$ cat final00.txt   # compact mmCIF, C-alpha atoms
# COMPACT_ATOMS: atom_id res chain seq x y z
CA MET A 1456 83.25 126.45 100.35
CA THR A 1457 85.41 129.27 98.99
CA ALA A 1458 88.04 128.92 96.31
CA SER A 1459 90.76 129.15 98.96
CA GLN A 1460 89.23 126.15 100.74
CA LYS A 1461 89.17 123.90 97.70
CA ILE A 1462 90.32 120.38 98.51
CA GLY A 1463 93.52 119.27 96.80
CA SER A 1464 96.41 121.09 95.14
CA GLY A 1465 95.93 120.80 91.39
CA ALA A 1466 93.61 118.42 89.59
CA THR A 1467 95.86 115.43 90.29
CA HIS A 1468 94.87 115.59 93.96
CA ASP A 1469 91.34 116.99 93.82
CA SER A 1470 89.08 114.94 96.08
CA VAL A 1471 85.44 114.75 97.04
CA PRO A 1472 85.04 116.59 100.39
CA ASN A 1473 84.11 114.30 103.29
CA PRO A 1474 83.08 115.77 106.68
CA LYS A 1475 84.39 112.69 108.50
CA ASN A 1476 87.92 113.94 107.85
CA TYR A 1477 87.48 116.75 110.37
CA SER A 1478 87.15 114.28 113.25
CA ILE A 1479 89.79 111.69 112.39
CA LEU A 1480 92.17 110.14 114.89
CA VAL A 1481 95.84 110.51 113.96
CA GLY A 1482 98.21 107.68 114.84
CA ILE A 1483 101.42 108.88 116.51
CA ARG A 1484 104.38 106.75 117.66
CA ASP A 1485 106.41 108.95 120.02
CA GLY A 1486 110.07 108.22 119.36
CA ALA A 1487 111.20 109.44 122.75
CA THR A 1488 108.82 107.24 124.77
CA GLY A 1489 107.99 104.51 122.24
CA GLU A 1490 104.27 104.99 122.99
CA PHE A 1491 101.71 104.77 120.18
CA ARG A 1492 98.62 106.95 120.62
CA LEU A 1493 95.54 107.79 118.59
CA VAL A 1494 94.98 111.51 118.88
CA PRO A 1495 92.05 113.67 117.66
CA ARG A 1496 92.99 115.72 114.61
CA ASN A 1497 92.82 119.09 116.37
CA GLU A 1498 95.07 117.79 119.17
CA ALA A 1499 97.67 116.09 116.95
CA VAL A 1500 100.81 118.18 117.38
CA VAL A 1501 104.57 117.70 117.37
CA SER A 1502 107.36 119.46 119.25
CA VAL A 1503 109.09 122.53 117.85
CA PHE A 1504 112.26 120.52 118.53
CA ASP A 1505 111.21 117.82 116.04
CA SER A 1506 113.68 117.04 113.24
CA ASN A 1507 111.11 117.50 110.48
CA PHE A 1508 110.16 120.93 111.79
CA LEU A 1509 113.70 122.12 112.45
CA VAL A 1510 115.68 120.77 109.49
CA GLY A 1511 113.23 118.85 107.25
CA ASP A 1512 114.86 115.55 108.19
CA GLY A 1513 112.34 112.80 107.49
CA ILE A 1514 110.66 110.53 104.95
CA TRP A 1515 107.07 109.75 103.97
CA GLU A 1516 104.65 107.56 102.05
CA GLY A 1517 101.24 108.16 100.54
CA ILE A 1518 99.20 104.94 100.83
CA ARG A 1519 95.74 103.85 99.74
CA ALA A 1520 93.46 101.47 101.70
CA HIS A 1521 90.24 99.76 100.60
CA GLN A 1522 87.87 98.19 103.12
CA GLY A 1523 90.65 98.12 105.69
CA ARG A 1524 93.18 96.48 103.34
CA VAL A 1525 96.37 98.44 102.69
CA GLN A 1526 96.93 98.68 98.94
CA PHE A 1527 100.35 97.47 97.73
CA ALA A 1528 101.47 97.32 101.36
CA ARG A 1529 104.70 95.45 100.66
CA ASP A 1530 105.81 97.94 97.99
CA HIS A 1531 105.12 101.00 100.15
CA ILE A 1532 106.67 99.61 103.31
CA ASN A 1533 109.73 98.33 101.45
CA ARG A 1534 110.21 101.77 99.86
CA LEU A 1535 109.91 103.47 103.25
CA PHE A 1536 112.48 101.13 104.80
CA GLN A 1537 114.81 101.64 101.83
CA SER A 1538 114.54 105.42 102.24
CA ALA A 1539 115.19 105.06 105.98
CA LYS A 1540 118.27 102.92 105.35
CA ALA A 1541 119.61 105.40 102.81
CA MET A 1542 119.06 108.20 105.34
CA TYR A 1543 120.82 106.15 108.07
CA MET A 1544 117.62 106.11 110.12
CA ASP A 1545 116.64 103.24 112.43
CA LEU A 1546 112.84 103.14 112.56
CA GLY A 1547 112.88 101.00 115.71
CA LEU A 1548 110.24 98.54 114.49
CA THR A 1549 109.78 95.79 111.93
CA LYS A 1550 107.84 95.97 108.68
CA GLY A 1551 105.11 93.83 110.20
CA GLU A 1552 104.88 96.09 113.24
CA LEU A 1553 104.54 99.15 111.02
CA LEU A 1554 101.72 97.46 109.07
CA ALA A 1555 100.02 96.73 112.40
CA LEU A 1556 100.14 100.45 113.27
CA LEU A 1557 98.48 101.26 109.95
CA HIS A 1558 95.75 98.72 110.74
CA ARG A 1559 95.25 100.12 114.25
CA THR A 1560 94.83 103.61 112.83
CA LEU A 1561 92.33 102.46 110.20
CA ASP A 1562 90.31 100.49 112.75
CA ALA A 1563 90.27 103.31 115.30
CA ASN A 1564 88.73 105.51 112.60
CA ASP A 1565 86.11 102.92 111.67
CA MET A 1566 87.41 102.77 108.11
CA ALA A 1567 87.05 99.02 107.55
CA ASN A 1568 84.17 99.62 105.14
CA GLU A 1569 85.58 102.67 103.37
CA ALA A 1570 86.69 102.25 99.76
CA ASP A 1571 88.68 105.46 99.36
CA VAL A 1572 91.05 105.92 102.27
CA HIS A 1573 94.31 107.78 101.73
CA MET A 1574 96.97 107.69 104.45
CA ARG A 1575 99.93 110.01 104.77
CA LEU A 1576 102.64 108.13 106.66
CA VAL A 1577 105.31 110.54 107.87
CA VAL A 1578 108.53 109.62 109.66
CA SER A 1579 110.69 112.27 111.29
CA ARG A 1580 114.15 111.47 112.62
CA GLY A 1581 112.63 112.53 115.91
CA LEU A 1582 113.08 114.85 118.84
CA LYS A 1583 116.21 116.97 119.22
CA SER A 1584 117.73 118.35 122.39
CA THR A 1585 118.64 121.57 120.58
CA PRO A 1586 118.12 123.09 117.11
CA TYR A 1587 121.00 121.51 115.16
CA GLN A 1588 121.14 119.28 112.09
CA ASN A 1589 123.48 116.61 113.50
CA PRO A 1590 121.54 113.44 114.44
CA ARG A 1591 123.82 113.09 117.46
CA VAL A 1592 121.59 115.55 119.30
CA ASN A 1593 118.50 113.43 118.65
CA ILE A 1594 116.67 111.79 121.53
CA GLY A 1595 115.24 108.31 121.11
CA LEU A 1596 113.73 106.80 117.97
CA PRO A 1597 112.04 108.47 114.99
CA LEU A 1598 108.57 109.95 115.29
CA ILE A 1599 105.94 108.13 113.19
CA VAL A 1600 102.69 109.87 112.20
CA ILE A 1601 99.79 108.25 110.32
CA ILE A 1602 97.09 110.58 108.95
CA PRO A 1603 94.10 108.71 107.45
CA GLU A 1604 91.48 110.52 105.39
CA ILE A 1605 88.54 109.45 103.24
CA LYS A 1606 89.49 110.91 99.87
CA ALA A 1607 87.72 109.77 96.73
CA VAL A 1608 89.23 111.17 93.53
CA SER A 1609 87.13 113.97 92.08
CA PRO A 1610 85.39 112.49 89.00
CA GLU A 1611 85.14 115.95 87.47
CA SER A 1612 88.91 116.49 87.53
CA LYS A 1613 89.68 112.97 86.37
CA ASN A 1614 87.26 113.21 83.46
CA ARG A 1615 88.51 116.65 82.44
CA GLY A 1616 92.15 115.64 82.26
CA LEU A 1617 95.30 117.63 83.00
CA LEU A 1618 96.93 120.75 81.69
CA LEU A 1619 100.72 120.65 82.07
CA GLY A 1620 103.35 123.34 81.67
CA THR A 1621 107.11 122.92 81.52
CA THR A 1622 108.85 124.54 84.47
CA TRP A 1623 112.31 126.04 84.84
CA VAL A 1624 112.87 123.81 87.91
CA ARG A 1625 114.99 120.78 86.98
CA ARG A 1626 115.34 117.35 88.55
CA GLY A 1627 118.84 116.86 89.91
CA PRO A 1628 121.18 113.85 89.87
CA PRO A 1629 121.56 111.43 92.80
CA ASP A 1630 124.89 112.91 93.91
CA ILE A 1631 123.06 116.15 94.82
CA LYS A 1632 119.81 114.79 96.27
CA ASP A 1633 118.83 111.27 95.31
CA GLU A 1634 115.25 111.43 94.06
CA GLN A 1635 114.83 107.81 95.23
CA TRP A 1636 114.71 109.13 98.76
CA ASN A 1637 111.04 109.72 99.49
CA HIS A 1638 112.27 112.68 101.51
CA ILE A 1639 110.17 115.14 103.48
CA SER A 1640 112.10 118.02 101.94
CA LYS A 1641 109.98 118.79 98.86
CA ALA A 1642 111.46 122.23 98.19
CA THR A 1643 112.25 121.42 94.54
CA ASP A 1644 108.79 120.02 93.88
CA VAL A 1645 107.08 122.86 95.77
CA GLN A 1646 108.91 125.40 93.61
CA ALA A 1647 107.79 123.49 90.51
CA CYS A 1648 104.24 123.42 91.91
CA ILE A 1649 104.35 127.20 92.40
CA SER A 1650 105.58 127.51 88.84
CA ALA A 1651 102.53 125.49 87.71
CA ASN A 1652 100.25 127.79 89.71
CA LEU A 1653 101.76 130.84 88.03
CA MET A 1654 101.33 129.23 84.60
CA GLY A 1655 97.71 128.40 85.38
CA VAL A 1656 98.13 124.65 84.82
CA ASP A 1657 97.50 121.58 86.96
CA GLU A 1658 101.05 120.21 87.19
CA ALA A 1659 104.54 121.27 86.24
CA LEU A 1660 106.41 119.06 83.78
CA MET A 1661 110.04 118.83 84.88
CA LEU A 1662 113.12 118.12 82.77
CA ASP A 1663 116.44 116.66 83.86
CA GLN A 1664 119.73 118.54 83.63
CA ARG A 1665 120.20 117.40 80.03
CA GLY A 1666 116.82 118.72 78.94
CA PHE A 1667 115.00 115.39 78.65
CA VAL A 1668 111.46 115.01 80.00
CA LYS A 1669 111.49 113.43 83.44
CA THR A 1670 108.44 113.79 85.71
CA CYS A 1671 105.81 116.15 87.11
CA ASN A 1672 105.99 117.88 90.47
CA SER A 1673 103.75 115.33 92.25
CA THR A 1674 103.15 112.57 89.68
CA ASN A 1675 105.07 110.43 87.21
CA PHE A 1676 104.63 111.05 83.49
CA PHE A 1677 104.04 108.81 80.45
CA ILE A 1678 103.34 109.34 76.76
CA ILE A 1679 101.92 106.99 74.14
CA ARG A 1680 103.19 107.04 70.58
CA GLY A 1681 101.51 104.61 68.21
CA SER A 1682 101.20 101.29 70.03
CA GLU A 1683 104.01 102.00 72.51
CA VAL A 1684 103.93 103.47 76.00
CA TRP A 1685 106.98 105.59 76.72
CA ALA A 1686 108.20 106.19 80.28
CA PRO A 1687 111.14 108.44 81.17
CA THR A 1688 114.07 106.49 82.61
CA LYS A 1689 113.95 106.04 86.38
CA ASP A 1690 116.94 108.27 87.14
CA ASN A 1691 116.27 111.77 88.48
CA GLN A 1692 112.71 110.98 89.56
CA MET A 1693 110.85 109.48 92.49
CA GLN A 1694 110.42 105.74 92.15
CA GLY A 1695 106.64 105.78 91.95
CA ILE A 1696 104.89 102.57 92.95
CA THR A 1697 101.96 103.37 90.67
CA ARG A 1698 104.46 104.10 87.91
CA GLN A 1699 106.11 100.69 88.26
CA ASN A 1700 102.81 98.85 88.65
CA THR A 1701 101.49 100.58 85.54
CA ILE A 1702 104.54 99.42 83.60
CA ASP A 1703 104.15 95.87 84.94
CA VAL A 1704 100.42 95.76 84.13
CA CYS A 1705 101.06 96.95 80.58
CA ARG A 1706 103.77 94.38 79.93
CA ALA A 1707 101.72 91.56 81.47
CA ASN A 1708 98.92 92.38 79.03
CA GLY A 1709 100.93 92.72 75.86
CA ILE A 1710 101.30 96.51 75.78
CA THR A 1711 104.83 97.52 74.83
CA VAL A 1712 106.56 99.84 77.32
CA ARG A 1713 109.86 101.56 76.59
CA GLU A 1714 111.84 103.33 79.31
CA LEU A 1715 113.95 105.91 77.52
CA ASP A 1716 115.00 109.54 77.22
CA PHE A 1717 112.70 111.70 75.12
CA SER A 1718 112.27 115.40 74.42
CA LEU A 1719 109.44 117.90 74.65
CA THR A 1720 109.06 117.72 70.86
CA GLU A 1721 108.16 114.04 71.19
CA VAL A 1722 105.71 114.91 73.96
CA TYR A 1723 103.97 117.49 71.80
CA GLY A 1724 103.67 114.93 69.00
CA ALA A 1725 102.40 112.11 71.22
CA ASP A 1726 99.05 110.43 70.56
CA GLU A 1727 98.24 110.27 74.28
CA ALA A 1728 99.79 111.19 77.61
CA PHE A 1729 98.95 110.47 81.23
CA CYS A 1730 100.26 110.91 84.76
CA THR A 1731 100.36 108.35 87.55
CA GLY A 1732 100.32 108.54 91.34
CA THR A 1733 99.04 106.74 94.40
CA PHE A 1734 96.11 109.15 94.72
CA PRO A 1735 94.86 109.56 91.12
CA SER A 1736 96.12 106.19 89.73
CA GLN A 1737 96.21 107.31 86.07
CA ILE A 1738 94.82 110.58 84.74
CA HIS A 1739 95.09 111.67 81.11
CA VAL A 1740 96.81 114.82 79.86
CA VAL A 1741 95.02 117.05 77.36
CA LYS A 1742 97.62 119.78 76.83
CA VAL A 1743 101.31 120.38 77.44
CA ASP A 1744 102.62 123.94 77.06
CA ASP A 1745 99.32 124.81 75.35
CA ARG A 1746 99.91 122.10 72.72
CA GLN A 1747 96.98 119.70 72.46
CA ILE A 1748 97.91 116.05 72.96
CA GLY A 1749 96.24 113.83 70.37
CA ASP A 1750 92.61 114.79 70.00
CA GLY A 1751 92.57 116.44 73.42
CA ARG A 1752 90.61 113.64 75.08
CA ARG A 1753 91.39 110.48 77.03
CA GLY A 1754 92.82 108.04 74.52
CA ALA A 1755 91.89 104.40 73.96
CA VAL A 1756 95.21 103.05 75.24
CA THR A 1757 95.08 105.18 78.40
CA GLU A 1758 91.52 104.01 79.03
CA ARG A 1759 92.55 100.37 78.63
CA ILE A 1760 95.49 100.85 81.01
CA GLN A 1761 93.14 102.37 83.59
CA GLN A 1762 90.85 99.34 83.32
CA LEU A 1763 93.73 96.85 83.65
CA TYR A 1764 95.19 98.74 86.60
CA LEU A 1765 91.83 98.82 88.40
CA GLU A 1766 91.58 95.04 88.04
CA PHE A 1767 95.12 94.73 89.42
CA VAL A 1768 94.25 96.87 92.45
CA LYS A 1769 91.08 94.89 93.13
CA LYS A 1770 93.08 91.66 93.11
CA ASP A 1771 95.61 93.10 95.58
CA VAL A 1772 93.07 94.43 98.10
CA SER A 1773 90.73 91.44 97.85
CA ARG A 1774 93.15 89.47 100.00
CA SER A 1775 92.79 89.14 103.75
CA ARG A 1776 94.89 91.20 106.13
CA GLU A 1777 96.67 88.00 107.11
CA GLU A 1778 97.67 87.33 103.51
CA ILE A 1779 98.91 90.89 103.08
CA GLU A 1780 100.86 90.70 106.35
CA ALA A 1781 102.45 87.42 105.27
CA GLU A 1782 103.64 89.08 102.07
CA VAL A 1783 105.02 92.11 103.94
CA THR A 1784 106.93 90.01 106.46
CA ALA A 1785 108.10 87.26 104.08
CA GLY A 1786 111.79 86.84 103.47
CA ARG A 1787 113.49 87.18 100.13
CA ASP A 1788 111.89 85.03 97.44
CA LEU A 1789 114.58 82.85 95.85
CA SER A 1790 112.21 80.52 94.00
CA PHE A 1791 113.52 81.85 90.69
CA LEU A 1792 116.71 79.88 91.34
CA ASP A 1793 114.76 76.67 90.79
CA ARG A 1794 114.62 77.53 87.08
CA ILE A 1795 118.33 78.11 86.60
CA LEU A 1796 120.20 75.85 89.04
CA PRO A 1797 121.04 72.18 88.43
CA SER A 1798 119.98 69.24 90.60
CA GLY A 1799 116.37 70.27 91.07
CA GLY A 1800 117.26 73.74 92.30
CA LYS A 1801 119.98 72.67 94.78
CA THR A 1802 123.11 74.76 94.68
CA ASN A 1803 125.49 71.83 94.20
CA SER A 1804 128.94 72.49 92.81
CA VAL A 1805 128.61 69.71 90.20
CA GLY A 1806 125.99 68.85 87.59
CA SER A 1807 123.20 66.30 87.78
CA ASN A 1808 125.54 63.42 86.96
CA GLY A 1809 128.76 65.03 88.09
CA THR A 1810 130.22 65.82 84.68
CA LYS A 1811 131.85 68.99 83.45
CA SER A 1812 129.52 68.97 80.45
CA ASP A 1813 126.56 69.30 82.82
CA LEU A 1814 128.12 72.38 84.35
CA VAL A 1815 128.74 73.95 80.95
CA GLU A 1816 125.22 73.08 79.82
CA THR A 1817 123.65 74.77 82.84
CA GLY A 1818 126.01 77.72 82.61
CA LEU A 1819 127.60 77.05 86.03
CA ALA A 1820 131.23 76.24 86.76
CA GLN A 1821 132.44 74.29 89.78
CA ASN A 1822 133.32 77.46 91.62
CA GLY A 1823 129.78 78.76 91.20
CA GLU A 1824 130.67 81.19 88.44
CA TYR A 1825 129.09 81.24 85.00
CA ALA A 1826 131.00 79.27 82.40
CA LEU A 1827 130.84 79.16 78.63
CA PRO A 1828 131.67 76.22 76.34
CA GLU A 1829 135.16 76.18 74.87
CA GLY A 1830 135.53 78.43 71.87
CA HIS A 1831 133.22 81.16 73.20
$ encode --input "final00.txt" --output "structure tokens"
Amino acid sequence: MTASQKIGSGATHDSVPNPKNYSILVGIRDGATGEFRLVPRNEAVVSVFDSNFLVGDGIWEGIRAHQGRVQFARDHINRLFQSAKAMYMDLGLTKGELLALLHRTLDANDMANEADVHMRLVVSRGLKSTPYQNPRVNIGLPLIVIIPEIKAVSPESKNRGLLLGTTWVRRGPPDIKDEQWNHISKATDVQACISANLMGVDEALMLDQRGFVKTCNSTNFFIIRGSEVWAPTKDNQMQGITRQNTIDVCRANGITVRELDFSLTEVYGADEAFCTGTFPSQIHVVKVDDRQIGDGRRGAVTERIQQLYLEFVKKDVSRSREEIEAEVTAGRDLSFLDRILPSGGKTNSVGSNGTKSDLVETGLAQNGEYALPEGH
């Protein structure tokens, strides 16, 4: 294999080559006909009149699967549907039906016993009658493409750690292009990636318009100072599922996480740093702008977070497909109301014995609004 054929783009996505990937079946839901087909890789094509090809109008997800179980299925599918809603795009199927297409694609590729499957789920607004950006010229429903590959993270890259360099490319505010859209147009990130290539580093560290550290071109970024994990605020960056799960795992295990603005100076002075993403999970950073982070090795806190996260993943994918499907298709969970509403969780307009004092004590007024005792 030549250098130009190296798998992955930067150490965050380096994978162990697997020959099975050259004969995969790609799942395709044709938006014009509604038909779902499983197509050999070398025959998987889309029309030159497709919205993604013509105007970059689409959304995507990167998803892991272990032994045929889709990892964090609810989170990924919810994010995709949120992106679709924001883009005013009707996917033409339910969340449960989309999960079923993922399962069909995994099963058709005999991946039920594979531990390291990575799927790229791509949704285009669909076929157009003529090259024009207006969705009014679209025909039918969106095109859905599912590309499954066996991609184990390269242990060499993960053990080595990352070199980061700060790029001139900035992350913009949501009134220009909302970074919460998991949008197919990655022009900003691609330019940052090219900047990283020119600097000879693995990833580009990107700042926001005010100069605060925000994210990398394909991963989210964290630093550790003392006993605290610092995460840039969620604005101006993609809402990474691994990012949020990492934060949740830390807090559930007594590790303090602060979401705040911080500068490059605080990055250079950090004890540890790491990046997160669906593919690499967490991978430590050894240098930023040629400044060594800590002692230049994976730190003790990062290592502990990796261990806790791995346990969290194992718990998620140890469930049956039926349990995962039930979670994906479940309605909104309102059980938290049982802890704050009177009368055993019933939304009555009066307290447990019908007195005003009960309403004040529970913080609820008769009209359903929060009330405070007199004098507050």
$ closest_residue --input "final00.txt" --among "A:Arg1524, A:Arg1759, A:Arg1559, A:Arg1591" --to "Ile1483 in chain A" --atoms "all atoms listed in the file"
A:Arg1559
$ closest_residue --input "final00.txt" --among "A:Asp1644, A:Gly1786, A:Arg1580, A:Glu1780" --to "Gly1551 in chain A" --atoms "all atoms listed in the file"
A:Glu1780
$ axis_aligned_box --input "final00.txt" --around "range 1679-1698 of chain A" --padding-each-side "8 Å" --output "lines of an AutoDock Vina configuration file"
center_x = 109.1
center_y = 106.5
center_z = 80.6
size_x = 31.7
size_y = 26.5
size_z = 40.7
$ residues_around --input "final00.txt" --residues "Ala1707 in chain A" --least-positions-apart "6" --cutoff "12 Å" --atoms "only C-alpha atoms" --output "ChimeraX atom specification"
/A:1700-1701,1760,1763-1764,1767
$ write_last_selection --input "final00.txt" --atoms "C-alpha atoms" --output "PDB file, keeping the file's coordinate frame"
ATOM      1  CA  ASN A1700     102.810  98.850  88.650  1.00  0.00           C
ATOM      2  CA  THR A1701     101.490 100.580  85.540  1.00  0.00           C
ATOM      3  CA  ILE A1760      95.490 100.850  81.010  1.00  0.00           C
ATOM      4  CA  LEU A1763      93.730  96.850  83.650  1.00  0.00           C
ATOM      5  CA  TYR A1764      95.190  98.740  86.600  1.00  0.00           C
ATOM      6  CA  PHE A1767      95.120  94.730  89.420  1.00  0.00           C
TER       7      PHE A1767
END
$ closest_residue --input "final00.txt" --among "A:Arg1529, A:Pro1590, A:Asn1497, A:Ser1478" --to "Leu1509 in chain A" --atoms "only C-alpha atoms"
A:Pro1590
$ residues_around --input "final00.txt" --residues "Arg1752 in chain A" --least-positions-apart "6" --cutoff "12 Å" --atoms "all atoms listed in the file" --output "list of chain:residue names"
A:Lys1613, A:Asn1614, A:Arg1615, A:Gly1616, A:Leu1617, A:Leu1618, A:Asp1726, A:Glu1727, A:Ala1728, A:Phe1729, A:Ile1738, A:His1739, A:Val1740, A:Val1741, A:Lys1742, A:Glu1758
$ residues_around --input "final00.txt" --residues "Gly1724 in chain A" --least-positions-apart "5" --cutoff "10 Å" --atoms "all atoms listed in the file" --output "PDB file with C-alpha atoms, keeping the file's coordinate frame"
ATOM      1  CA  ILE A1678     103.340 109.340  76.760  1.00  0.00           C
ATOM      2  CA  ILE A1679     101.920 106.990  74.140  1.00  0.00           C
ATOM      3  CA  ARG A1680     103.190 107.040  70.580  1.00  0.00           C
ATOM      4  CA  LEU A1719     109.440 117.900  74.650  1.00  0.00           C
ATOM      5  CA  ARG A1746      99.910 122.100  72.720  1.00  0.00           C
ATOM      6  CA  GLN A1747      96.980 119.700  72.460  1.00  0.00           C
ATOM      7  CA  ILE A1748      97.910 116.050  72.960  1.00  0.00           C
ATOM      8  CA  GLY A1749      96.240 113.830  70.370  1.00  0.00           C
TER       9      GLY A1749
END
$ build_atoms --input "final00.txt" --residues "range 1547-1563 of chain A" --atoms "N, CA, C and O atoms" --output "mmCIF file, in the frame of the given file"
data_model
loop_
_atom_site.group_PDB
_atom_site.id
_atom_site.type_symbol
_atom_site.label_atom_id
_atom_site.label_comp_id
_atom_site.auth_asym_id
_atom_site.auth_seq_id
_atom_site.Cartn_x
_atom_site.Cartn_y
_atom_site.Cartn_z
ATOM 1 N N GLY A 1547 113.175 101.566 114.392
ATOM 2 C CA GLY A 1547 112.880 101.000 115.710
ATOM 3 C C GLY A 1547 111.685 100.071 115.729
ATOM 4 O O GLY A 1547 111.096 99.839 116.792
ATOM 5 N N LEU A 1548 111.312 99.541 114.559
ATOM 6 C CA LEU A 1548 110.240 98.540 114.490
ATOM 7 C C LEU A 1548 110.379 97.760 113.196
ATOM 8 O O LEU A 1548 111.106 98.170 112.287
ATOM 9 N N THR A 1549 109.704 96.624 113.124
ATOM 10 C CA THR A 1549 109.780 95.790 111.930
ATOM 11 C C THR A 1549 108.726 96.222 110.914
ATOM 12 O O THR A 1549 107.821 97.012 111.215
ATOM 13 N N LYS A 1550 108.825 95.667 109.718
ATOM 14 C CA LYS A 1550 107.840 95.970 108.680
ATOM 15 C C LYS A 1550 106.447 95.497 109.110
ATOM 16 O O LYS A 1550 105.453 96.195 108.888
ATOM 17 N N GLY A 1551 106.384 94.339 109.721
ATOM 18 C CA GLY A 1551 105.110 93.830 110.200
ATOM 19 C C GLY A 1551 104.510 94.700 111.291
ATOM 20 O O GLY A 1551 103.292 94.913 111.336
ATOM 21 N N GLU A 1552 105.359 95.215 112.169
ATOM 22 C CA GLU A 1552 104.880 96.090 113.240
ATOM 23 C C GLU A 1552 104.364 97.417 112.686
ATOM 24 O O GLU A 1552 103.371 97.978 113.186
ATOM 25 N N LEU A 1553 105.016 97.918 111.641
ATOM 26 C CA LEU A 1553 104.540 99.150 111.020
ATOM 27 C C LEU A 1553 103.179 98.920 110.358
ATOM 28 O O LEU A 1553 102.264 99.752 110.475
ATOM 29 N N LEU A 1554 103.024 97.794 109.668
ATOM 30 C CA LEU A 1554 101.720 97.460 109.070
ATOM 31 C C LEU A 1554 100.649 97.385 110.147
ATOM 32 O O LEU A 1554 99.518 97.862 109.944
ATOM 33 N N ALA A 1555 100.982 96.823 111.299
ATOM 34 C CA ALA A 1555 100.020 96.730 112.400
ATOM 35 C C ALA A 1555 99.585 98.118 112.874
ATOM 36 O O ALA A 1555 98.416 98.323 113.224
ATOM 37 N N LEU A 1556 100.499 99.087 112.887
ATOM 38 C CA LEU A 1556 100.140 100.450 113.270
ATOM 39 C C LEU A 1556 99.186 101.075 112.247
ATOM 40 O O LEU A 1556 98.259 101.813 112.618
ATOM 41 N N LEU A 1557 99.400 100.776 110.979
ATOM 42 C CA LEU A 1557 98.480 101.260 109.950
ATOM 43 C C LEU A 1557 97.087 100.677 110.175
ATOM 44 O O LEU A 1557 96.078 101.389 110.089
ATOM 45 N N HIS A 1558 97.044 99.376 110.479
ATOM 46 C CA HIS A 1558 95.750 98.720 110.740
ATOM 47 C C HIS A 1558 95.065 99.316 111.978
ATOM 48 O O HIS A 1558 93.854 99.552 111.967
ATOM 49 N N ARG A 1559 95.830 99.543 113.029
ATOM 50 C CA ARG A 1559 95.250 100.120 114.250
ATOM 51 C C ARG A 1559 94.643 101.498 113.974
ATOM 52 O O ARG A 1559 93.558 101.839 114.477
ATOM 53 N N THR A 1560 95.328 102.269 113.153
ATOM 54 C CA THR A 1560 94.830 103.610 112.830
ATOM 55 C C THR A 1560 93.560 103.530 111.990
ATOM 56 O O THR A 1560 92.593 104.268 112.235
ATOM 57 N N LEU A 1561 93.532 102.644 111.014
ATOM 58 C CA LEU A 1561 92.330 102.460 110.200
ATOM 59 C C LEU A 1561 91.149 102.021 111.063
ATOM 60 O O LEU A 1561 90.043 102.559 110.952
ATOM 61 N N ASP A 1562 91.400 101.047 111.935
ATOM 62 C CA ASP A 1562 90.310 100.490 112.750
ATOM 63 C C ASP A 1562 89.786 101.513 113.758
ATOM 64 O O ASP A 1562 88.582 101.586 114.021
ATOM 65 N N ALA A 1563 90.694 102.301 114.328
ATOM 66 C CA ALA A 1563 90.270 103.310 115.300
ATOM 67 C C ALA A 1563 89.383 104.367 114.657
ATOM 68 O O ALA A 1563 88.563 104.999 115.329
#
